[in-house]
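These notes are about the structure you will find just below.
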Amino acid sequence: MSFFPKISFQHEVEEYLTKVFRNNELITALGTQEVESKYQSLLSHLSHPPSFTTVRVNTHLASVKHVKKLLFEEIQKQFKGLCVPVLEHPKLQDILLIPVIGPRRDLKKHASEVIVGAHCGYAVLRGAHVYVPGIMSTSRFMKAGDLVSVYSDIEGKCKRGAKEFEGVKVFLGNGISELSRSEIFSSSGPLNGMGVRMMEPVYLSPSFDNVLPSHLFLQNLPSVVVSHILNPQPGERILDICAAPGGKTTHLATLMRDQGEVIAMDKIAKKVKKIKQNSELLRLSCIKAFCYDGTKALSVEKREDEQEGPPFLPESFDRILLDAPCSGMGQRPNMAYSLTLKEVTSYQPLQRKLFAVAVKLLKPGGVLVYSTCTITLSENEEQVAWALKNFPCLELQPQEPHIGGEGMRGAGLSLHQLKLLQRFDPSAATLQGMDVNSLQDSREDDLISLANKDCIGFFIAKFLKSHSK
């Protein structure tokens with residue numbers, strides 16, 4: 001049952017998406033009513049957080065069983081003895097799933113209000129406390145220690161430091177202010193640190209602030225699936241072509257038992273620094289991170305042997321992950337999507353440039369995995385159709401594990417090809433709330449099945465590069 005309004009888009013983007021999700025291939029296969037129902041369900045799901053928090057265990061340092069025990073104790077402490085299970089996944093043996101309790105509809109709202117930016121609001125809905133940089137406005141006389149209700153300014157219209165806000169706001173829960181209004185907005189005041197400690201969030205998820213930082217990595221379920229599908233082996237040379245912030249990079253290194261070489265690239269220096277920090281935190285030594293534009297990573301001439309960074313010679317890598325920059329429409333929760341149609345459609349050409357470079361850098365017999373966290377056809381199935389047409393050396397491969405649904409119709413791919421693709425579609429699950437009682441009555445298999453479906457929107461394709469004849 002829907003708690004928040006459906007995600008809203010700019011008018012042109014809404015028109016574009018409506019055509020995508022009501023395309024003729026889909027309507028012919030499913031019928032107008034079913035197509036419409038699935039699309040409306042998707043829009044509702046996108047504005048709500050997934051039903052589970054997923055954490056990947058750093059199996060390089062500890063066993064899943066050991067970390068599960070520590071995490072269960074931590075959650076009991078955070079939730080004050082509330083018994084919320086920590087589940088192991090039967091097909092993804094390095095992740096733990098924590099059910100999200102909510103939405104809690106009976107919370108009383110306080111007179112003192114804190115308005116936060118949309119991105120801060122989404123983090124709160126997934127278990128975070130409110131940090132000072134995310135605060136846009138507070139009630140006029142708010143003091144440290146006050147009980148406050150926290151709201152998200154989903155349209156980005158609240159001016160920083162405003163004393164009141166009449167725009168569209170969504171209730172996120174209640175907390176205790178750690179600072180007064182004057183401390184938050186003073187010019188010499190703290191720009192970091194906690195502003196509000198959430199005590200009664202609408203969706204109850206554990207906070208992972210400094211919780212087992214070397215042992216856990218907070219990651220969406222489909223993002224974990226990607227690395228398993230690439231299936232890197234110890235001793236191989238792997239390229240993660242758009243790697244920041246390094247969740248998949250560090251996962252690949254862990255799956256290889258830190259033996260071999262994982263080259264991680266990103267063109268933004270600050271993001272590369274983050275990859276390096278995550279590698280150190282998880283104590284992985286086989287990762288080499290470079291600040292470099294992936295579209296220029298192919299070397300046209302013979303290079304010095306000592307040079308270990310990009311650009312690289314053709315056929316330099318055993319496996320390549322292209323987790324491509326994308327329009328990000330699969331991210332959850334998101335109540336107001338801000339990109340323009342021009343921005344949304346700018347990703348397809350960039351993804352093709354990166355893809356063409358990746359194909360050339362891959363050894364014959366090597367594996368290329370392409371993934372996005374978006375829901376459009378143009379960035380997903382259309383890219384697969386384009387790749388198969390333009391690179392005869394590529395063959396689509398079955399994926400293991402195959403946890404999501406098959407690809408979406410509309411790009412002219414055959415039913416066999418669609419079955420080889422993996423599309424995580426949140427509308428495949430029924431939007432339902434979860435409370436402690438319903439959790440106690442649920443079978444573990446049913447909870448795992450829900451976690452597989454009610455996650456972010458995501459797409460994966462796996463290709464094998466054939467040996468030239």
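The way I read the labels, and the way they are meant: chains A, B, ... in the order of the structure tokens, residue 1 as the first residue of every chain, and ligand 1 as the first ligand shown, with later ones counted on from there.
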
Problem set entry | In range 42-189 of chain A, DSSP alpha helix (DSSP H) residues written as number ranges by chain | A: 42-46, 64-78, 118-125, 181-185

Problem set entry | Near-Met142 in chain A list (6 Å; only C-alpha atoms; drop same-chain fewer than 2 positions) as a list in words |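 Listing them by chain and then by number gives Ser139, Arg140, Ser180 and Arg181 of chain A.
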
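Closest approach to Phe424 in chain A from the set A:Cys326, A:Val300, A:Cys373, A:Ala269 is made by A:Cys373, with distances taken over only C-alpha atoms.
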
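The space between CA of Leu46 in chain A and CA of Lys6 in chain A spans 7.4 Å.
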
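Checking A:Gln397, A:Ser299, A:Asn452, A:Thr250 one by one against Asp425 in chain A, counting only C-alpha atoms, you find the shortest gap at A:Asn452.
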
Set out as a tab-separated table a contact list for range 391-421 of chain A and range 339-361 of chain A with a cut-off of 9 Å, giving each residue of range 391-421 of chain A that qualifies its closest atom pair and distance in Å to one decimal, counting only C-alpha atoms, ordered by chain and rising residue number.
residue	atom	partner	partner_atom	distance
A:Phe391	CA	A:Val359	CA	8.1
A:Cys393	CA	A:Val359	CA	8.9
A:Leu394	CA	A:Val359	CA	8.4

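The space separating CA of Asp323 in chain A from CA of Cys291 in chain A comes to 16.3 Å.
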
For this session: Give me the residues within 7 Å of range 149-154 of chain A as an NGL selection string, counting only C-alpha atoms and dropping any in the same chain fewer than 2 places off.
Result: :A and (109-110 or 112-118 or 121 or 156-158 or 168-175 or 335-336)

Problem set entry | Distance in Å - CA of Val84 in chain A versus CA of Pro99 in chain A |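 For CA of Val84 in chain A relative to CA of Pro99 in chain A, the distance reads 7.1 Å.
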
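Restricting the calculation to only C-alpha atoms, the smallest distance between Met194 in chain A and any of A:Lys91, A:His129, A:Lys389, A:Lys363 is found for A:His129.
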
For this session: Write out as JSON, numbers by chain each polymer residue whose atoms come within 9 Å of Lys38 in chain A, counting only C-alpha atoms; drop sequence neighbours fewer than 5 positions from it.
Result: {"A": [21, 33, 43, 427, 428]}

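If only C-alpha atoms are the atoms counted, then among A:Ile287, A:Val67, A:Leu17, A:Ala461 the closest residue to Leu418 in chain A is A:Ala461.
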
Seminar exercise, completed: One residue among A:Thr59, A:Pro50, A:Leu321, A:Gly161 is nearest to Leu284 in chain A when using only C-alpha atoms, and that residue is A:Thr59

Exercise. Any idea what's packed within 10 Å of Lys273 in chain A, counting only C-alpha atoms, ignoring anything in its chain fewer than 6 positions away? Could you give it as a PyMOL selection string?
Worked result: chain A and resi 244-246+266+279+289-291

Can I get the selection written as a compact mmCIF listing (two decimals), in the first residue's frame, with N, CA, C and O atoms?
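result_28.txt, freshly written:
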# COMPACT_ATOMS: atom_id res chain seq x y z
N ALA A 244 33.84 4.28 -9.39
CA ALA A 244 33.51 4.94 -8.12
C ALA A 244 32.10 4.58 -7.66
O ALA A 244 31.22 4.39 -8.50
N PRO A 245 31.86 4.50 -6.34
CA PRO A 245 32.79 4.73 -5.22
C PRO A 245 33.60 3.49 -4.81
O PRO A 245 34.29 3.50 -3.82
N GLY A 246 33.46 2.40 -5.58
CA GLY A 246 34.33 1.25 -5.33
C GLY A 246 33.65 0.05 -4.70
O GLY A 246 34.33 -0.91 -4.32
N ASP A 266 38.08 6.11 -12.76
CA ASP A 266 36.99 7.09 -12.74
C ASP A 266 37.60 8.42 -13.13
O ASP A 266 38.76 8.67 -12.83
N SER A 279 39.35 0.61 -0.52
CA SER A 279 40.27 -0.54 -0.68
C SER A 279 41.10 -0.72 0.59
O SER A 279 41.30 -1.85 1.06
N ALA A 289 43.82 2.08 -8.53
CA ALA A 289 42.80 3.06 -8.97
C ALA A 289 43.46 4.23 -9.68
O ALA A 289 44.50 4.74 -9.24
N PHE A 290 42.86 4.64 -10.80
CA PHE A 290 43.41 5.73 -11.62
C PHE A 290 42.33 6.74 -11.97
O PHE A 290 41.19 6.36 -12.24
N CYS A 291 42.73 8.01 -11.95
CA CYS A 291 41.82 9.07 -12.38
C CYS A 291 41.98 9.19 -13.90
O CYS A 291 43.00 9.69 -14.38
